[in-house]
Amino acid sequence: MTRQTFFYLLVLLVFSSCSIDSEISSLKISPVLIDSNINIRAIEIKNNKVYSATSNGSILYFDIDKSDVISEINYEIENDSIVPNFRSLALTENDVFAMSIGDPALLYKNGNVVYKETHPKVFYDSIEFWNDNEGIAVGDYTDNCISVIITRDGGESWNKLDCSVFSNIKDSEGFFAASDTNISIIDNYTWIASGGINSRVYFSKDKGRSWQIFSTPILQGESTTGIFSIDFYDKNNGYAIGGDYTKPEIDSLNKIITRDGGKTWKTIADNNNPGYRSCVQYFPNSNGKKLLAVGFNGIDYSSDSGHSWKHFSDDGYYTVRFLNDTVAYAAGNGKISRLIFK
């Protein structure tokens, strides 16, 4: 190796290290969409476009370079008396999927219904895709187990998993449709976080064909408690957040961390802010060090894998997604904002 090559590699290593370890000291919030008539709990970013699904049945999108131009995806009307309340949204390379809560559950692909389920207790909470062909959606407890549907044909058809694939099923286990982040996927690995009376993590290493279930120490036991959001940086390191949305000031037992792929969890940052939050996400390219949490009580940031947190803003949001390691988009009650970290 020549001295010039060695010097180049050394400089590259130093700058890469600085990029990972550089501290974020400020946050700029720039409103993109303000509309008091909508509530947004599902947002995704793909190919420099930001998509959102709303409580009043709208599926909106805009280009990050033309955020003043908001477009809407039209979809077929299943019933004139039903306005879909969308809480779940997923994107593949060419398709947009949105799913409504309540009865009937309606799953749309590019505006067309590809799955419908009727049941007094049906309530789907989150949807994600492993790739362009295979995806998964999860919902609350009906007919003796949680609801999980899977597609293997690009979302054209969906099949509900039989309860026999899950062991140790518990009553009153469901999910929170708070931020569309009940599911985290890394390659073929999948983690699903439940909440309520029982709050556990469902894990599959083969894209939903087999499952293990792991207990967690997060606050649980009431219908308003448990994990509200889960995210994994890689196959080993994950973080989950939640608490009790009726008592958002409680900041103990509401944040948990795993280092072994979700098999074991421990509470972290107990008796320290933040309290209840509805969404947590790792910063890209942060080596699992940087985390962002949002909720209706504000925005918080961690630079040490969630051991401590800094409160950035009281501005409330339900959910957030990253464009890159310095820009994210957050959605909430009547708004979408661009978050710029410096």
# chains A, B, ... in the order shown; residues from 1 in each chain; ligands from 1
>>> residues_around(residues="A:Lys207", least_positions_apart="4", cutoff="7 Å", atoms="only C-alpha atoms", output="list of chain:residue names")
A:Asn188, A:Tyr189, A:Thr190
>>> closest_atom_pairs(of="stretch 42-124 of chain A", to="stretch 160-178 of chain A", cutoff="12 Å", atoms="only C-alpha atoms", output="tab-separated table")
residue	atom	partner	partner_atom	distance
A:Ala42	CA	A:Ala178	CA	8.4
A:Ile43	CA	A:Ala178	CA	11.6
A:Ser55	CA	A:Ala177	CA	11.5
A:Asn85	CA	A:Ala177	CA	10.8
A:Phe86	CA	A:Ala177	CA	9.5
A:Arg87	CA	A:Ala177	CA	6.1
A:Ser88	CA	A:Ala177	CA	7.7
A:Leu89	CA	A:Ala177	CA	11.2
A:Met99	CA	A:Ala177	CA	10.9
A:Ser100	CA	A:Ala177	CA	10.1
A:Ile101	CA	A:Ala177	CA	8.1
A:Gly102	CA	A:Ala177	CA	10.8
A:Tyr115	CA	A:Lys160	CA	10.3
A:Lys116	CA	A:Lys160	CA	11.2
A:Glu117	CA	A:Lys160	CA	10.0
A:Lys121	CA	A:Gly174	CA	10.7
A:Val122	CA	A:Gly174	CA	10.6
A:Phe123	CA	A:Ala177	CA	8.7
A:Tyr124	CA	A:Ala177	CA	7.5
>>> write_last_selection(atoms="N, CA and C atoms", output="PDB file, in the first residue's frame")
ATOM      1  N   ALA A  42     -49.875   7.567   9.490  1.00  0.00           N
ATOM      2  CA  ALA A  42     -49.099   6.699   8.594  1.00  0.00           C
ATOM      3  C   ALA A  42     -48.415   7.557   7.547  1.00  0.00           C
ATOM      4  N   ILE A  43     -47.080   7.438   7.476  1.00  0.00           N
ATOM      5  CA  ILE A  43     -46.307   8.219   6.518  1.00  0.00           C
ATOM      6  C   ILE A  43     -45.138   7.369   6.028  1.00  0.00           C
ATOM      7  N   SER A  55     -57.010  10.075   8.291  1.00  0.00           N
ATOM      8  CA  SER A  55     -58.213   9.604   8.973  1.00  0.00           C
ATOM      9  C   SER A  55     -59.483   9.868   8.182  1.00  0.00           C
ATOM     10  N   ASN A  85     -60.815   5.060   7.482  1.00  0.00           N
ATOM     11  CA  ASN A  85     -59.899   5.722   8.407  1.00  0.00           C
ATOM     12  C   ASN A  85     -58.569   4.989   8.288  1.00  0.00           C
ATOM     13  N   PHE A  86     -57.675   5.555   7.493  1.00  0.00           N
ATOM     14  CA  PHE A  86     -56.405   4.881   7.223  1.00  0.00           C
ATOM     15  C   PHE A  86     -55.420   5.094   8.372  1.00  0.00           C
ATOM     16  N   ARG A  87     -54.826   3.993   8.847  1.00  0.00           N
ATOM     17  CA  ARG A  87     -53.768   4.058   9.855  1.00  0.00           C
ATOM     18  C   ARG A  87     -52.512   3.319   9.394  1.00  0.00           C
ATOM     19  N   SER A  88     -52.596   2.631   8.248  1.00  0.00           N
ATOM     20  CA  SER A  88     -51.472   1.824   7.765  1.00  0.00           C
ATOM     21  C   SER A  88     -51.163   2.172   6.313  1.00  0.00           C
ATOM     22  N   LEU A  89     -49.863   2.228   6.003  1.00  0.00           N
ATOM     23  CA  LEU A  89     -49.424   2.606   4.665  1.00  0.00           C
ATOM     24  C   LEU A  89     -48.109   1.897   4.363  1.00  0.00           C
ATOM     25  N   MET A  99     -54.390   0.705   4.396  1.00  0.00           N
ATOM     26  CA  MET A  99     -55.369  -0.157   5.046  1.00  0.00           C
ATOM     27  C   MET A  99     -56.123   0.617   6.115  1.00  0.00           C
ATOM     28  N   SER A 100     -57.427   0.380   6.164  1.00  0.00           N
ATOM     29  CA  SER A 100     -58.283   1.086   7.109  1.00  0.00           C
ATOM     30  C   SER A 100     -58.464   0.285   8.388  1.00  0.00           C
ATOM     31  N   ILE A 101     -58.828   0.998   9.449  1.00  0.00           N
ATOM     32  CA  ILE A 101     -59.146   0.350  10.714  1.00  0.00           C
ATOM     33  C   ILE A 101     -60.644   0.072  10.772  1.00  0.00           C
ATOM     34  N   GLY A 102     -61.048  -0.758  11.726  1.00  0.00           N
ATOM     35  CA  GLY A 102     -62.462  -0.997  11.953  1.00  0.00           C
ATOM     36  C   GLY A 102     -63.073  -2.011  11.006  1.00  0.00           C
ATOM     37  N   TYR A 115     -58.132  -6.755  -0.395  1.00  0.00           N
ATOM     38  CA  TYR A 115     -58.459  -7.607   0.757  1.00  0.00           C
ATOM     39  C   TYR A 115     -59.540  -6.907   1.573  1.00  0.00           C
ATOM     40  N   LYS A 116     -60.529  -7.709   1.986  1.00  0.00           N
ATOM     41  CA  LYS A 116     -61.604  -7.197   2.821  1.00  0.00           C
ATOM     42  C   LYS A 116     -61.907  -8.219   3.901  1.00  0.00           C
ATOM     43  N   GLU A 117     -62.059  -7.740   5.116  1.00  0.00           N
ATOM     44  CA  GLU A 117     -62.378  -8.636   6.228  1.00  0.00           C
ATOM     45  C   GLU A 117     -63.453  -8.000   7.099  1.00  0.00           C
ATOM     46  N   LYS A 121     -64.744  -7.433  15.717  1.00  0.00           N
ATOM     47  CA  LYS A 121     -63.530  -6.976  16.399  1.00  0.00           C
ATOM     48  C   LYS A 121     -62.367  -6.692  15.443  1.00  0.00           C
ATOM     49  N   VAL A 122     -62.609  -6.754  14.141  1.00  0.00           N
ATOM     50  CA  VAL A 122     -61.500  -6.571  13.206  1.00  0.00           C
ATOM     51  C   VAL A 122     -60.920  -5.164  13.340  1.00  0.00           C
ATOM     52  N   PHE A 123     -59.594  -5.091  13.381  1.00  0.00           N
ATOM     53  CA  PHE A 123     -58.917  -3.802  13.545  1.00  0.00           C
ATOM     54  C   PHE A 123     -57.451  -3.995  13.170  1.00  0.00           C
ATOM     55  N   TYR A 124     -57.097  -3.613  11.948  1.00  0.00           N
ATOM     56  CA  TYR A 124     -55.712  -3.760  11.493  1.00  0.00           C
ATOM     57  C   TYR A 124     -54.921  -2.487  11.799  1.00  0.00           C
TER      58      TYR A 124
END
>>> residues_around(residues="A:Gly288", least_positions_apart="5", cutoff="12 Å", atoms="only C-alpha atoms", output="ChimeraX atom specification")
/A:20-21,231-239,257-259,281-283,302-307,325
>>> residues_around(residues="A:Arg41", least_positions_apart="4", cutoff="7 Å", atoms="only C-alpha atoms", output="PyMOL selection string")
chain A and resi 54+87+178-180+318-319+331-332
>>> write_last_selection(atoms="C-alpha atoms", output="compact mmCIF listing (two decimals), in the first residue's frame")
# COMPACT_ATOMS: atom_id res chain seq x y z
CA THR A 54 -55.25 10.03 6.67
CA ARG A 87 -53.77 4.06 9.86
CA ALA A 178 -50.79 4.93 16.66
CA SER A 179 -47.94 5.31 14.18
CA ASP A 180 -47.87 2.35 11.75
CA TYR A 318 -47.76 10.73 15.89
CA THR A 319 -45.27 9.23 13.46
CA ALA A 331 -47.05 13.60 10.70
CA GLY A 332 -49.67 14.26 13.33
